[in-house]
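Notes follow the structure.
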Amino acid sequence: MWKVELFAPNYDNREGEAVAEVIESRWLTMGERTKKFEHNFAEMLGEEVHCTALSSATAALHISLLSLDIKEGDEVIIPALTFVADINVVRMVGATPVLADCTSLDDWNISAKSIEKQITQKTKAVIIVHFAGYPCQMDEIVKLCKERDIKLIEDVAHAPGATYKGQACGTFGEYGCFSFFTNKNLSVGEGGMISSKSKELDQQAQYYRSHGMTALTLERHKGRAITYDITQSGLNYRIDEIRSSLGLVQLDKLNDANAQRKLLVERYIENLKEIPNITIPFLELTNIESAYHIFPILLDKEIDRVAFIGKLKAEGIQSSVHYPAFKDFTAFKDIGLNTVPIAEDIALRELTLPLYPTMSFDEVDLVSNSLKKVTTSKV
């Protein structure tokens, strides 16, 4: 039904061949391909980075909080504009989520200033999100966290391959948490990665990933271990060899795919810059290289977004919203969340347009022309 869908996987025969090799090997659970995926991903992030592959980015966020001993009575500052995984994991460990507002209508990331406003004596950690693939201004955030002795966790679900002043996102805090969900820049269906520059924190992540076991199934299968110890309570957040094999192929494609996303975004910006009633965020950021995960725009207040989405649908253009405000979800209506006016305004007016590396310039033009048509009609 769609002339241009919201996203499409960047897959070809290489992914199929990689999966077939795993099946032929008859070793499906976490093994040598996972180790290689972790090694190659760590190399992408830079020197002295350790990586542990997981079942999801949510698992990475959960492990981060567990490893940093965040618990009941603690407060964790999170972005007000983000996916529910960030607020869910905070609540799952018994801590209290506190919302930091967006920097402005032009920069939807949180900042050191918006974080500092929410710090109390109970604040133990901050989770930041590099929204849409655009890195936060990390110098000020890192400095603030060090001065206040607050743990820093990066949610890098939108930003694999993005950098701030040449340093990879996911390497600034105690932990970086990456998503490999179907629509992400690096896609394996379901999967994630946790990164850290600390060997001790990486070891903690490995224990939490697999029941606290000191030796995994592969080591016993290879004869490198007879039995194992349990050093602490843990979970089953393991990835498998099929998804790791997909991850290896996708990682090889990531730089080129992100570069293509950049070209598509530049085409969008050129096409849409003269359209009234919409604005494009993140145009004035400096010292960053984005991963261009999604292409969000902000509709003027007089536009009925539901009707607008319907008219785009009639043109064959799929769109989405990133993200509804937390206060509008049933689960969070009565937990006493603080007011965040900028993020709440954005949540009401944000619209995400199609973006994926196999998208053509003609398709960008088609979306742009459809947007112009809908914008000039009465919505």
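So you can find residues: chains in the structure tokens are A, B, ... in the order shown, residues in each start at 1, and ligands are numbered from 1 in order.
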Report as a CSV table (one decimal) with C-alpha atoms, in the first residue's frame all protein, DNA and RNA residues lying within 6 Å of Ser244 of chain A, evaluated on only C-alpha atoms, omitting residues in the same chain fewer than 2 positions from it.
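Once written, part_37.csv looks like this:
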```csv
chain,number,residue,atom,x,y,z
A,33,ARG,CA,30.6,-15.4,15.7
A,34,THR,CA,29.4,-13.5,18.8
A,241,GLU,CA,24.9,-16.9,16.5
A,242,ILE,CA,22.3,-16.2,13.9
A,246,LEU,CA,23.8,-10.8,10.8
A,247,GLY,CA,25.4,-8.2,13.0
```
Query - DSSP strand (DSSP E or B) selection over segment 121-195 of chain A, as an MDAnalysis selection string - result: chainID A and resid 123:129 151:155 163:164 167:168 175:179 181 189 192:195
Query - Residue neighbourhood Tyr356 of chain A, 12 Å, only C-alpha atoms, exclusion window fewer than 3 positions, as a PyMOL selection string - result: chain A and resi 4-11+182-187+254+256-265+291-295+353+359-361+363-364
Can I get the selected residues back with C-alpha atoms, as an mmCIF file, in the first residue's frame?
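Saved file out_20.cif follows:
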```cif
data_model
loop_
_atom_site.group_PDB
_atom_site.id
_atom_site.type_symbol
_atom_site.label_atom_id
_atom_site.label_comp_id
_atom_site.auth_asym_id
_atom_site.auth_seq_id
_atom_site.Cartn_x
_atom_site.Cartn_y
_atom_site.Cartn_z
ATOM 1 C CA VAL A 4 7.483 4.933 0.239
ATOM 2 C CA GLU A 5 7.571 3.022 3.516
ATOM 3 C CA LEU A 6 9.016 4.383 6.741
ATOM 4 C CA PHE A 7 12.055 2.107 6.688
ATOM 5 C CA ALA A 8 13.401 -0.959 4.929
ATOM 6 C CA PRO A 9 16.185 -3.325 6.046
ATOM 7 C CA ASN A 10 19.533 -2.835 4.327
ATOM 8 C CA TYR A 11 19.769 -6.527 3.436
ATOM 9 C CA THR A 182 14.728 -4.170 12.887
ATOM 10 C CA ASN A 183 14.530 -0.455 12.053
ATOM 11 C CA LYS A 184 17.944 0.540 13.436
ATOM 12 C CA ASN A 185 21.018 1.553 11.424
ATOM 13 C CA LEU A 186 22.526 -1.849 12.224
ATOM 14 C CA SER A 187 19.670 -4.344 12.157
ATOM 15 C CA LEU A 254 27.417 0.564 8.581
ATOM 16 C CA ASP A 256 28.550 3.309 3.889
ATOM 17 C CA ALA A 257 24.931 3.069 5.027
ATOM 18 C CA ASN A 258 25.306 6.035 7.386
ATOM 19 C CA ALA A 259 27.008 8.026 4.634
ATOM 20 C CA GLN A 260 24.068 7.308 2.323
ATOM 21 C CA ARG A 261 21.621 8.338 5.050
ATOM 22 C CA LYS A 262 23.482 11.649 5.273
ATOM 23 C CA LEU A 263 23.068 12.279 1.535
ATOM 24 C CA LEU A 264 19.356 11.513 1.776
ATOM 25 C CA VAL A 265 18.925 13.881 4.724
ATOM 26 C CA ALA A 291 24.264 8.583 12.293
ATOM 27 C CA TYR A 292 21.082 10.016 10.683
ATOM 28 C CA HIS A 293 18.857 7.322 12.148
ATOM 29 C CA ILE A 294 15.525 9.039 11.483
ATOM 30 C CA PHE A 295 14.407 12.249 9.785
ATOM 31 C CA LEU A 353 9.466 10.868 7.499
ATOM 32 C CA MET A 359 16.002 4.753 -0.317
ATOM 33 C CA SER A 360 16.480 6.574 -3.621
ATOM 34 C CA PHE A 361 16.674 10.322 -4.235
ATOM 35 C CA GLU A 363 11.740 8.547 -3.311
ATOM 36 C CA VAL A 364 12.966 11.459 -1.175
#
```
Query raised in the report: In Å to one decimal, how far is atom CA of Lys146 of chain A from atom CA of Asn287 of chain A?
Result: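 Taking atom CA of Asn287 of chain A and atom CA of Lys146 of chain A, their separation equals 21.2 Å.
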Requested in this report: Using backbone DSSP assignments, extract all helix (DSSP H, G or I) residues from segment 148-232 of chain A; output them as a ChimeraX atom specification.
Outcome: /A:148,199-209,217-221
Query - Of the listed residues A:Lys313, A:Lys35, A:His130, A:His50, that which approaches Thr163 of chain A most closely, counting only C-alpha atoms - result: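 The answer is A:His130, which sits nearest to Thr163 of chain A.
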Query raised in the report: What is the distance, in Å and to one decimal place, between atom CA of Asp74 of chain A and atom CA of Ala95 of chain A?
Result: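 The value is 5.0 Å.
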